[in-house]
Structure formats: C-alpha cells, structure tokens
Amino acid sequence: TLVDLEAVTSTDIEYFLSYLSHYTYDGKEHVCNERAKARKLSSVRAMFKYFFNKDLISVDNAAKVHTPKLHDKPIIRLDTSEVFDIIETAESGQGLSPHQKAYHEKTKVRDGAILTLFLGTGIRISELVGLNNNDINFKDNSFIVTRKGGGKSILYFDDIVAEALKRYMDYKEFNQLVSPALFLSKDTNRITVRAVENLVQKYAKIVSPLKKISPHKLRSTYGTSLYRATGDIYIVADVLGHKDVNTTRKHYAA
C-alpha cells in the first residue's frame with residue numbers, strides 16, 4: 001500500500017542494492033553488476049517520484065539514494081593480427097567442427113565478404129543486412145547505407161573490400177540467385193541479423209576465444225583503426241554515423 005511505500009527509508013533501498021549483488025530468485029542465483037543495479041534503482045526512483053508528485057506519499061526517500069558509480073567498460077576489439085586471422089578462418093574453414101564444415105563450402109565466399117565489409121567500413125549490422133545489390137558502386141568504391149532513423153549515407157571502401165564483394169557477387173551470379181538483397185541466407189532469402197551474429201561469433205571463437213566478439217565489436221575494431229590513422233575523433237564519429245562524438249569516444253574508439 002501507499003502507507004508501506006511511505007515507510008520505506010533510504011537505508012532500506014541501500015540494503016536492497018546490496019542484496020542485488022548476489023541473490024536467489026525463483027530457484028536461480030543472480031548477480032547484478034553496477035549497471036544492473038543502476039537500472040533497478042532508476043525503476044524504484046521512478047515509482048516513488050510518481051506517487052510523490054501526485055501527493056500520494058509525503059516523502060520521496062528513493063531520491064536520497066546515490067546511483068552506484070559506473071566505471072567505463074574497456075572497448076573490446078580485434079587486434080591487427082586477429083583481423084587477418086578471422087578473415088582467413090572464414091575463407092579456409094580451419095578450426096570449424098565437421099558439422100560446420102559441411103556448410104562452409106557454400107557460405108565461405110559470403111562470410112568472407114561480410115567480415116571484410118564490417119572490418120573495412122564499420123557499418124552497423126542493420127545497415128549490412130539492409131544492403132541491396134544496386135547499393136554498391138564499384139566505379140568509385142562507394143555504397144549507400146540506410147542509417148538509424150532512415151537517413152541515407154554514402155560511404156566508401158578500399159580495394160580489399162571491393163575484391164571481397166566482387167568475388168561474392170560473381171559467386172551469386174554464377175549460381176543465378178535472383179534477389180535484390182546483397183547478402184543472402186542458405187535458402188536465398190535476405191540474411192537475418194541473427195544469422196550474421198552467429199557467423200561472426202562462430203569465426204571469432206576460433207580466432208579469439210577469450211574475447212566476446214560480435215558485429216558491434218567489429219565496428220569498434222574499425223573505429224579504433226580509423227582513429228589511430230587519422231587522430232580525429234570527429235571524422236570517426238562522422239563515418240560511423242554518430243550524432244554525439246562522446247558516443248564514439250566511449251564505445252567505439254580506444
């Protein structure tokens with residue numbers, strides 16, 4: 001009841017945050033890190049603030065509790081040698097299980113092109129999945145991506161990316177696959193976000209088993225490489241399509 005809420009002190013909420021460090025719920029053990037605690041505290045604060053602003057409780061004790069200090073997480077990315085290794089693994093299939101190798105021969109050209117495009121341009125996974133054949137222009141090595149929010153941008157790629165894309169598009173043409181989508185699944189539909197995440201993780205586990213590499217981490221790899229080459233965080237933010245340069249600095253460029 002509201003009377004119960006009014007009886008909750010700031011110390012009670014601090015005890016709750018401490019409890020979240022390690023607790024059992026529904027028979028399962030859970031551990032909350034500082035960010036998880038901050039999210040839960042935000043929810044509690046929102047509830048108390050609502051009732052306080054509606055004059056249904058006389059005091060908002062949740063507002064007195066400080067948010068747990070959030071420490072910056074390290075930017076996880078592939079090292080230079082790992083960049084070459086992951087593309088080589090996609091092309092050779094070395095390290096794959098027998099079951100994975102059964103499919104590898106049909107997908108290796110596509111997978112290599114996807115990894116090379118991620119690492120050579122830093123595009124988002126949604127941007128890659130949304131690419132169509134006619135978005136690619138080999139005359140000036142440019143392509144059109146649909147950014148978050150629906151805006152269009154023209155980006156450029158180098159000759160290494162161009163070679164990987166041409167090889168994949170020639171492979172598709174040889175197999176007479178008719179679809180406007182650039183990257184296709186095994187059943188010749190537009191590849192899904194989940195399928196791309198799975199293929200990146202599959203090769204990354206072989207090359208760098210201690211790092212949890214996702215398509216987003218390949219974006220971080222590109223962002224860091226571009227920052228090292230230019231020394232200009234604003235260029236990196238522009239290429240990655242960030243409106244706020246602090247996002248680039250915090251998550252994508254070490």
# chains A, B, ... in the order shown; residues from 1 in each chain; ligands from 1
>>> closest_atom_pairs(of="region 132-243 of chain A", to="region 103-121 of chain A", cutoff="6 Å", atoms="only C-alpha atoms", output="tab-separated table")
residue	atom	partner	partner_atom	distance
A:Val161	CA	A:Thr116	CA	5.8
A:Ala164	CA	A:Ala113	CA	5.0
A:Leu165	CA	A:Ala113	CA	5.5
A:Tyr168	CA	A:Val109	CA	5.6
A:Leu218	CA	A:Leu119	CA	5.8
A:Tyr222	CA	A:Leu119	CA	5.5
>>> write_last_selection(atoms="all heavy atoms", output="PDB file, in the first residue's frame")
ATOM      1  N   VAL A 161      38.132  -4.552 -49.673  1.00  0.00           N
ATOM      2  CA  VAL A 161      36.689  -4.770 -49.532  1.00  0.00           C
ATOM      3  C   VAL A 161      36.060  -4.963 -50.913  1.00  0.00           C
ATOM      4  O   VAL A 161      35.212  -5.848 -51.105  1.00  0.00           O
ATOM      5  CB  VAL A 161      36.020  -3.581 -48.801  1.00  0.00           C
ATOM      6  CG1 VAL A 161      34.501  -3.763 -48.756  1.00  0.00           C
ATOM      7  CG2 VAL A 161      36.581  -3.439 -47.389  1.00  0.00           C
ATOM      8  N   ALA A 164      36.593  -8.503 -52.186  1.00  0.00           N
ATOM      9  CA  ALA A 164      35.758  -9.484 -51.476  1.00  0.00           C
ATOM     10  C   ALA A 164      34.308  -9.404 -51.949  1.00  0.00           C
ATOM     11  O   ALA A 164      33.644 -10.432 -52.131  1.00  0.00           O
ATOM     12  CB  ALA A 164      35.838  -9.241 -49.972  1.00  0.00           C
ATOM     13  N   LEU A 165      33.803  -8.179 -52.164  1.00  0.00           N
ATOM     14  CA  LEU A 165      32.424  -8.004 -52.628  1.00  0.00           C
ATOM     15  C   LEU A 165      32.251  -8.506 -54.056  1.00  0.00           C
ATOM     16  O   LEU A 165      31.243  -9.158 -54.379  1.00  0.00           O
ATOM     17  CB  LEU A 165      32.024  -6.532 -52.538  1.00  0.00           C
ATOM     18  CG  LEU A 165      31.802  -5.959 -51.134  1.00  0.00           C
ATOM     19  CD1 LEU A 165      31.526  -4.462 -51.201  1.00  0.00           C
ATOM     20  CD2 LEU A 165      30.651  -6.675 -50.432  1.00  0.00           C
ATOM     21  N   TYR A 168      32.105 -12.252 -54.140  1.00  0.00           N
ATOM     22  CA  TYR A 168      30.813 -12.759 -53.659  1.00  0.00           C
ATOM     23  C   TYR A 168      29.717 -12.530 -54.697  1.00  0.00           C
ATOM     24  O   TYR A 168      28.898 -13.428 -54.952  1.00  0.00           O
ATOM     25  CB  TYR A 168      30.447 -12.087 -52.332  1.00  0.00           C
ATOM     26  CG  TYR A 168      29.033 -12.384 -51.888  1.00  0.00           C
ATOM     27  CD1 TYR A 168      28.635 -13.693 -51.614  1.00  0.00           C
ATOM     28  CD2 TYR A 168      28.097 -11.374 -51.759  1.00  0.00           C
ATOM     29  CE1 TYR A 168      27.334 -13.978 -51.220  1.00  0.00           C
ATOM     30  CE2 TYR A 168      26.803 -11.641 -51.365  1.00  0.00           C
ATOM     31  CZ  TYR A 168      26.420 -12.951 -51.090  1.00  0.00           C
ATOM     32  OH  TYR A 168      25.134 -13.234 -50.704  1.00  0.00           O
ATOM     33  N   LEU A 218      33.275  -5.626 -34.108  1.00  0.00           N
ATOM     34  CA  LEU A 218      33.981  -5.393 -35.369  1.00  0.00           C
ATOM     35  C   LEU A 218      33.892  -3.914 -35.727  1.00  0.00           C
ATOM     36  O   LEU A 218      34.819  -3.336 -36.300  1.00  0.00           O
ATOM     37  CB  LEU A 218      33.379  -6.252 -36.490  1.00  0.00           C
ATOM     38  CG  LEU A 218      33.411  -7.765 -36.282  1.00  0.00           C
ATOM     39  CD1 LEU A 218      32.907  -8.482 -37.529  1.00  0.00           C
ATOM     40  CD2 LEU A 218      34.812  -8.250 -35.930  1.00  0.00           C
ATOM     41  N   TYR A 222      37.035  -1.296 -36.266  1.00  0.00           N
ATOM     42  CA  TYR A 222      37.200  -0.325 -37.355  1.00  0.00           C
ATOM     43  C   TYR A 222      37.354   1.092 -36.802  1.00  0.00           C
ATOM     44  O   TYR A 222      38.225   1.853 -37.240  1.00  0.00           O
ATOM     45  CB  TYR A 222      35.998  -0.376 -38.301  1.00  0.00           C
ATOM     46  CG  TYR A 222      36.041   0.703 -39.347  1.00  0.00           C
ATOM     47  CD1 TYR A 222      36.840   0.580 -40.479  1.00  0.00           C
ATOM     48  CD2 TYR A 222      35.300   1.877 -39.196  1.00  0.00           C
ATOM     49  CE1 TYR A 222      36.898   1.576 -41.436  1.00  0.00           C
ATOM     50  CE2 TYR A 222      35.359   2.882 -40.146  1.00  0.00           C
ATOM     51  CZ  TYR A 222      36.153   2.722 -41.263  1.00  0.00           C
ATOM     52  OH  TYR A 222      36.217   3.728 -42.197  1.00  0.00           O
TER      53      TYR A 222
END
>>> residues_around(residues="region 43-57 of chain A", least_positions_apart="3", cutoff="8 Å", atoms="only C-alpha atoms", output="PyMOL selection string")
chain A and resi 2-3+5-6+39-40+60-63
>>> write_last_selection(atoms="C-alpha atoms", output="PDB file, in the first residue's frame")
ATOM      1  CA  LEU A   2       0.996   3.651  -0.154  1.00  0.00           C
ATOM      2  CA  VAL A   3       1.468   3.535   3.613  1.00  0.00           C
ATOM      3  CA  LEU A   5       5.869   2.806   0.475  1.00  0.00           C
ATOM      4  CA  GLU A   6       5.965   5.806   2.777  1.00  0.00           C
ATOM      5  CA  ARG A  39      18.739   0.320 -13.802  1.00  0.00           C
ATOM      6  CA  LYS A  40      16.818  -1.216 -10.894  1.00  0.00           C
ATOM      7  CA  ASP A  60      10.465  10.552  -1.621  1.00  0.00           C
ATOM      8  CA  ASN A  61      13.225   8.628   0.134  1.00  0.00           C
ATOM      9  CA  ALA A  62      14.402   6.975  -3.079  1.00  0.00           C
ATOM     10  CA  ALA A  63      15.706  10.353  -4.281  1.00  0.00           C
TER      11      ALA A  63
END
>>> atom_distance(atom1="CA of Ala204 (chain A)", atom2="CA of Ser97 (chain A)")
13.9 Å
>>> residues_around(residues="region 125-138 of chain A", least_positions_apart="2", cutoff="10 Å", atoms="only C-alpha atoms", output="PDB file with N, CA, C and O atoms, in the first residue's frame")
ATOM      1  N   ILE A 114      31.228 -10.539 -45.820  1.00  0.00           N
ATOM      2  CA  ILE A 114      30.560  -9.880 -44.690  1.00  0.00           C
ATOM      3  C   ILE A 114      31.580  -9.383 -43.671  1.00  0.00           C
ATOM      4  O   ILE A 114      31.535  -8.223 -43.234  1.00  0.00           O
ATOM      5  N   LEU A 117      33.642  -6.485 -45.093  1.00  0.00           N
ATOM      6  CA  LEU A 117      32.856  -5.235 -45.148  1.00  0.00           C
ATOM      7  C   LEU A 117      32.706  -4.624 -43.761  1.00  0.00           C
ATOM      8  O   LEU A 117      32.845  -3.403 -43.597  1.00  0.00           O
ATOM      9  N   PHE A 118      32.432  -5.444 -42.749  1.00  0.00           N
ATOM     10  CA  PHE A 118      32.354  -4.942 -41.373  1.00  0.00           C
ATOM     11  C   PHE A 118      33.668  -4.275 -40.969  1.00  0.00           C
ATOM     12  O   PHE A 118      33.682  -3.146 -40.464  1.00  0.00           O
ATOM     13  N   GLY A 122      33.046  -0.383 -40.913  1.00  0.00           N
ATOM     14  CA  GLY A 122      32.465  -0.094 -39.606  1.00  0.00           C
ATOM     15  C   GLY A 122      30.964   0.081 -39.601  1.00  0.00           C
ATOM     16  O   GLY A 122      30.409   0.678 -38.678  1.00  0.00           O
ATOM     17  N   ILE A 123      30.264  -0.462 -40.612  1.00  0.00           N
ATOM     18  CA  ILE A 123      28.809  -0.268 -40.648  1.00  0.00           C
ATOM     19  C   ILE A 123      28.122  -1.116 -39.583  1.00  0.00           C
ATOM     20  O   ILE A 123      28.674  -2.095 -39.082  1.00  0.00           O
ATOM     21  N   ASP A 140      33.560   3.981 -58.085  1.00  0.00           N
ATOM     22  CA  ASP A 140      34.310   4.790 -57.123  1.00  0.00           C
ATOM     23  C   ASP A 140      34.370   4.125 -55.744  1.00  0.00           C
ATOM     24  O   ASP A 140      34.669   4.779 -54.744  1.00  0.00           O
ATOM     25  N   ASN A 141      34.068   2.815 -55.712  1.00  0.00           N
ATOM     26  CA  ASN A 141      34.093   2.056 -54.446  1.00  0.00           C
ATOM     27  C   ASN A 141      33.242   2.716 -53.366  1.00  0.00           C
ATOM     28  O   ASN A 141      33.688   2.944 -52.242  1.00  0.00           O
ATOM     29  N   SER A 142      32.007   3.021 -53.722  1.00  0.00           N
ATOM     30  CA  SER A 142      31.089   3.631 -52.758  1.00  0.00           C
ATOM     31  C   SER A 142      29.856   2.753 -52.599  1.00  0.00           C
ATOM     32  O   SER A 142      29.577   1.883 -53.433  1.00  0.00           O
ATOM     33  N   PHE A 143      29.131   2.976 -51.512  1.00  0.00           N
ATOM     34  CA  PHE A 143      27.852   2.272 -51.330  1.00  0.00           C
ATOM     35  C   PHE A 143      26.934   3.115 -50.455  1.00  0.00           C
ATOM     36  O   PHE A 143      27.379   4.001 -49.713  1.00  0.00           O
ATOM     37  N   ILE A 144      25.648   2.862 -50.597  1.00  0.00           N
ATOM     38  CA  ILE A 144      24.627   3.627 -49.870  1.00  0.00           C
ATOM     39  C   ILE A 144      24.126   2.780 -48.704  1.00  0.00           C
ATOM     40  O   ILE A 144      23.768   1.613 -48.888  1.00  0.00           O
ATOM     41  N   VAL A 145      24.122   3.362 -47.512  1.00  0.00           N
ATOM     42  CA  VAL A 145      23.566   2.671 -46.343  1.00  0.00           C
ATOM     43  C   VAL A 145      22.391   3.464 -45.797  1.00  0.00           C
ATOM     44  O   VAL A 145      22.345   4.692 -45.909  1.00  0.00           O
ATOM     45  N   THR A 146      21.454   2.738 -45.217  1.00  0.00           N
ATOM     46  CA  THR A 146      20.316   3.371 -44.540  1.00  0.00           C
ATOM     47  C   THR A 146      20.634   3.409 -43.057  1.00  0.00           C
ATOM     48  O   THR A 146      20.729   2.367 -42.398  1.00  0.00           O
ATOM     49  N   ARG A 147      20.836   4.611 -42.542  1.00  0.00           N
ATOM     50  CA  ARG A 147      21.240   4.789 -41.148  1.00  0.00           C
ATOM     51  C   ARG A 147      20.060   4.600 -40.200  1.00  0.00           C
ATOM     52  O   ARG A 147      18.909   4.464 -40.620  1.00  0.00           O
ATOM     53  N   LYS A 148      20.370   4.621 -38.900  1.00  0.00           N
ATOM     54  CA  LYS A 148      19.323   4.642 -37.877  1.00  0.00           C
ATOM     55  C   LYS A 148      18.419   5.834 -38.128  1.00  0.00           C
ATOM     56  O   LYS A 148      18.903   6.938 -38.356  1.00  0.00           O
ATOM     57  N   ILE A 154      26.337   7.955 -47.972  1.00  0.00           N
ATOM     58  CA  ILE A 154      27.255   7.322 -48.923  1.00  0.00           C
ATOM     59  C   ILE A 154      28.581   7.101 -48.209  1.00  0.00           C
ATOM     60  O   ILE A 154      29.179   8.042 -47.687  1.00  0.00           O
ATOM     61  N   LEU A 155      29.028   5.861 -48.191  1.00  0.00           N
ATOM     62  CA  LEU A 155      30.307   5.508 -47.585  1.00  0.00           C
ATOM     63  C   LEU A 155      31.217   4.911 -48.662  1.00  0.00           C
ATOM     64  O   LEU A 155      30.756   4.534 -49.741  1.00  0.00           O
ATOM     65  N   TYR A 156      32.499   4.817 -48.321  1.00  0.00           N
ATOM     66  CA  TYR A 156      33.467   4.325 -49.297  1.00  0.00           C
ATOM     67  C   TYR A 156      34.250   3.155 -48.711  1.00  0.00           C
ATOM     68  O   TYR A 156      34.405   3.044 -47.497  1.00  0.00           O
ATOM     69  N   PHE A 157      34.726   2.285 -49.593  1.00  0.00           N
ATOM     70  CA  PHE A 157      35.519   1.143 -49.155  1.00  0.00           C
ATOM     71  C   PHE A 157      36.783   1.048 -49.994  1.00  0.00           C
ATOM     72  O   PHE A 157      36.876   1.612 -51.084  1.00  0.00           O
ATOM     73  N   ASP A 159      40.179  -1.210 -51.757  1.00  0.00           N
ATOM     74  CA  ASP A 159      40.259  -2.256 -52.784  1.00  0.00           C
ATOM     75  C   ASP A 159      40.120  -3.663 -52.204  1.00  0.00           C
ATOM     76  O   ASP A 159      39.654  -4.576 -52.886  1.00  0.00           O
ATOM     77  N   ALA A 162      36.491  -4.159 -51.890  1.00  0.00           N
ATOM     78  CA  ALA A 162      35.950  -4.259 -53.251  1.00  0.00           C
ATOM     79  C   ALA A 162      36.172  -5.662 -53.821  1.00  0.00           C
ATOM     80  O   ALA A 162      35.269  -6.253 -54.431  1.00  0.00           O
ATOM     81  N   GLU A 163      37.374  -6.194 -53.614  1.00  0.00           N
ATOM     82  CA  GLU A 163      37.691  -7.529 -54.135  1.00  0.00           C
ATOM     83  C   GLU A 163      36.808  -8.598 -53.502  1.00  0.00           C
ATOM     84  O   GLU A 163      36.305  -9.502 -54.188  1.00  0.00           O
ATOM     85  N   LEU A 165      33.803  -8.179 -52.164  1.00  0.00           N
ATOM     86  CA  LEU A 165      32.424  -8.004 -52.628  1.00  0.00           C
ATOM     87  C   LEU A 165      32.251  -8.506 -54.056  1.00  0.00           C
ATOM     88  O   LEU A 165      31.243  -9.158 -54.379  1.00  0.00           O
ATOM     89  N   LYS A 166      33.218  -8.200 -54.921  1.00  0.00           N
ATOM     90  CA  LYS A 166      33.132  -8.655 -56.318  1.00  0.00           C
ATOM     91  C   LYS A 166      33.133 -10.184 -56.382  1.00  0.00           C
ATOM     92  O   LYS A 166      32.384 -10.785 -57.151  1.00  0.00           O
ATOM     93  N   MET A 169      29.699 -11.353 -55.329  1.00  0.00           N
ATOM     94  CA  MET A 169      28.662 -11.055 -56.311  1.00  0.00           C
ATOM     95  C   MET A 169      28.836 -11.923 -57.569  1.00  0.00           C
ATOM     96  O   MET A 169      27.854 -12.332 -58.189  1.00  0.00           O
ATOM     97  N   SER A 179      17.707 -12.062 -56.422  1.00  0.00           N
ATOM     98  CA  SER A 179      17.175 -11.372 -55.248  1.00  0.00           C
ATOM     99  C   SER A 179      17.811  -9.994 -55.187  1.00  0.00           C
ATOM    100  O   SER A 179      18.993  -9.849 -55.494  1.00  0.00           O
ATOM    101  N   PRO A 180      17.046  -8.965 -54.816  1.00  0.00           N
ATOM    102  CA  PRO A 180      17.649  -7.632 -54.706  1.00  0.00           C
ATOM    103  C   PRO A 180      18.603  -7.497 -53.522  1.00  0.00           C
ATOM    104  O   PRO A 180      19.468  -6.630 -53.505  1.00  0.00           O
ATOM    105  N   ALA A 181      18.469  -8.381 -52.519  1.00  0.00           N
ATOM    106  CA  ALA A 181      19.304  -8.308 -51.313  1.00  0.00           C
ATOM    107  C   ALA A 181      20.741  -8.666 -51.645  1.00  0.00           C
ATOM    108  O   ALA A 181      20.999  -9.590 -52.411  1.00  0.00           O
ATOM    109  N   LEU A 182      21.687  -7.932 -51.047  1.00  0.00           N
ATOM    110  CA  LEU A 182      23.101  -8.223 -51.292  1.00  0.00           C
ATOM    111  C   LEU A 182      23.512  -9.534 -50.637  1.00  0.00           C
ATOM    112  O   LEU A 182      24.041 -10.428 -51.294  1.00  0.00           O
ATOM    113  N   PHE A 183      23.262  -9.657 -49.351  1.00  0.00           N
ATOM    114  CA  PHE A 183      23.683 -10.857 -48.626  1.00  0.00           C
ATOM    115  C   PHE A 183      22.489 -11.780 -48.399  1.00  0.00           C
ATOM    116  O   PHE A 183      21.466 -11.352 -47.857  1.00  0.00           O
ATOM    117  N   LEU A 184      22.671 -13.022 -48.830  1.00  0.00           N
ATOM    118  CA  LEU A 184      21.575 -13.981 -48.798  1.00  0.00           C
ATOM    119  C   LEU A 184      21.855 -15.123 -47.829  1.00  0.00           C
ATOM    120  O   LEU A 184      23.009 -15.492 -47.593  1.00  0.00           O
ATOM    121  N   ARG A 190      16.922 -12.790 -47.893  1.00  0.00           N
ATOM    122  CA  ARG A 190      17.803 -11.805 -47.271  1.00  0.00           C
ATOM    123  C   ARG A 190      18.297 -12.342 -45.936  1.00  0.00           C
ATOM    124  O   ARG A 190      17.516 -12.837 -45.126  1.00  0.00           O
ATOM    125  N   ILE A 191      19.593 -12.256 -45.703  1.00  0.00           N
ATOM    126  CA  ILE A 191      20.152 -12.787 -44.462  1.00  0.00           C
ATOM    127  C   ILE A 191      19.613 -12.013 -43.268  1.00  0.00           C
ATOM    128  O   ILE A 191      19.341 -10.808 -43.353  1.00  0.00           O
ATOM    129  N   THR A 192      19.415 -12.690 -42.146  1.00  0.00           N
ATOM    130  CA  THR A 192      18.858 -12.050 -40.950  1.00  0.00           C
ATOM    131  C   THR A 192      19.967 -11.544 -40.034  1.00  0.00           C
ATOM    132  O   THR A 192      21.128 -11.975 -40.134  1.00  0.00           O
ATOM    133  N   VAL A 193      19.593 -10.649 -39.142  1.00  0.00           N
ATOM    134  CA  VAL A 193      20.534 -10.118 -38.152  1.00  0.00           C
ATOM    135  C   VAL A 193      21.095 -11.256 -37.306  1.00  0.00           C
ATOM    136  O   VAL A 193      22.295 -11.322 -37.038  1.00  0.00           O
ATOM    137  N   ARG A 194      20.224 -12.178 -36.909  1.00  0.00           N
ATOM    138  CA  ARG A 194      20.659 -13.289 -36.051  1.00  0.00           C
ATOM    139  C   ARG A 194      21.672 -14.169 -36.764  1.00  0.00           C
ATOM    140  O   ARG A 194      22.654 -14.623 -36.162  1.00  0.00           O
ATOM    141  N   ALA A 195      21.451 -14.423 -38.052  1.00  0.00           N
ATOM    142  CA  ALA A 195      22.380 -15.258 -38.822  1.00  0.00           C
ATOM    143  C   ALA A 195      23.754 -14.607 -38.916  1.00  0.00           C
ATOM    144  O   ALA A 195      24.785 -15.278 -38.811  1.00  0.00           O
ATOM    145  N   VAL A 196      23.781 -13.285 -39.084  1.00  0.00           N
ATOM    146  CA  VAL A 196      25.055 -12.562 -39.154  1.00  0.00           C
ATOM    147  C   VAL A 196      25.766 -12.610 -37.805  1.00  0.00           C
ATOM    148  O   VAL A 196      26.975 -12.830 -37.727  1.00  0.00           O
ATOM    149  N   GLU A 197      25.011 -12.418 -36.718  1.00  0.00           N
ATOM    150  CA  GLU A 197      25.601 -12.506 -35.377  1.00  0.00           C
ATOM    151  C   GLU A 197      26.220 -13.885 -35.154  1.00  0.00           C
ATOM    152  O   GLU A 197      27.333 -14.001 -34.622  1.00  0.00           O
ATOM    153  N   SER A 214      31.311  -9.633 -31.296  1.00  0.00           N
ATOM    154  CA  SER A 214      30.034  -9.532 -32.002  1.00  0.00           C
ATOM    155  C   SER A 214      30.223  -8.575 -33.180  1.00  0.00           C
ATOM    156  O   SER A 214      31.274  -7.940 -33.296  1.00  0.00           O
ATOM    157  N   PRO A 215      29.224  -8.428 -34.054  1.00  0.00           N
ATOM    158  CA  PRO A 215      29.343  -7.431 -35.124  1.00  0.00           C
ATOM    159  C   PRO A 215      29.632  -6.032 -34.591  1.00  0.00           C
ATOM    160  O   PRO A 215      30.351  -5.259 -35.222  1.00  0.00           O
ATOM    161  N   HIS A 216      29.107  -5.716 -33.413  1.00  0.00           N
ATOM    162  CA  HIS A 216      29.368  -4.403 -32.811  1.00  0.00           C
ATOM    163  C   HIS A 216      30.848  -4.242 -32.458  1.00  0.00           C
ATOM    164  O   HIS A 216      31.393  -3.144 -32.538  1.00  0.00           O
ATOM    165  N   LEU A 218      33.275  -5.626 -34.108  1.00  0.00           N
ATOM    166  CA  LEU A 218      33.981  -5.393 -35.369  1.00  0.00           C
ATOM    167  C   LEU A 218      33.892  -3.914 -35.727  1.00  0.00           C
ATOM    168  O   LEU A 218      34.819  -3.336 -36.300  1.00  0.00           O
ATOM    169  N   ARG A 219      32.778  -3.295 -35.381  1.00  0.00           N
ATOM    170  CA  ARG A 219      32.598  -1.852 -35.574  1.00  0.00           C
ATOM    171  C   ARG A 219      33.585  -1.076 -34.699  1.00  0.00           C
ATOM    172  O   ARG A 219      34.181  -0.088 -35.129  1.00  0.00           O
TER     173      ARG A 219
END
>>> select_by_dssp(residues="region 24-251 of chain A", states="helix (DSSP H, G or I)", output="JSON, numbers by chain")
{"A": [34, 35, 36, 37, 38, 39, 40, 41, 42, 43, 44, 45, 46, 47, 48, 49, 50, 51, 52, 53, 61, 62, 63, 64, 80, 81, 82, 83, 84, 85, 86, 87, 88, 89, 90, 91, 92, 98, 99, 100, 101, 102, 103, 104, 105, 106, 107, 108, 109, 110, 111, 112, 113, 114, 115, 116, 117, 118, 119, 120, 121, 125, 126, 127, 128, 129, 133, 134, 135, 148, 149, 150, 159, 160, 161, 162, 163, 164, 165, 166, 167, 168, 169, 170, 171, 172, 173, 174, 193, 194, 195, 196, 197, 198, 199, 200, 201, 202, 203, 204, 205, 206, 207, 215, 216, 217, 218, 219, 220, 221, 222, 223, 224, 225, 226, 227, 228, 229, 230, 233, 234, 235, 236, 237, 238, 239, 240, 245, 246, 247, 248, 249, 250, 251]}
>>> closest_atom_pairs(of="region 180-212 of chain A", to="region 81-92 of chain A", cutoff="10 Å", atoms="only C-alpha atoms", output="tab-separated table")
residue	atom	partner	partner_atom	distance
A:Leu199	CA	A:Ala90	CA	9.1
A:Val200	CA	A:Ile86	CA	8.9
A:Lys202	CA	A:Ala90	CA	9.3
A:Tyr203	CA	A:Ile86	CA	6.1
A:Ala204	CA	A:Ile86	CA	6.4
A:Lys205	CA	A:Ile86	CA	9.3
A:Ile206	CA	A:Thr89	CA	8.0
A:Val207	CA	A:Ile86	CA	5.9
A:Ser208	CA	A:Glu82	CA	7.2
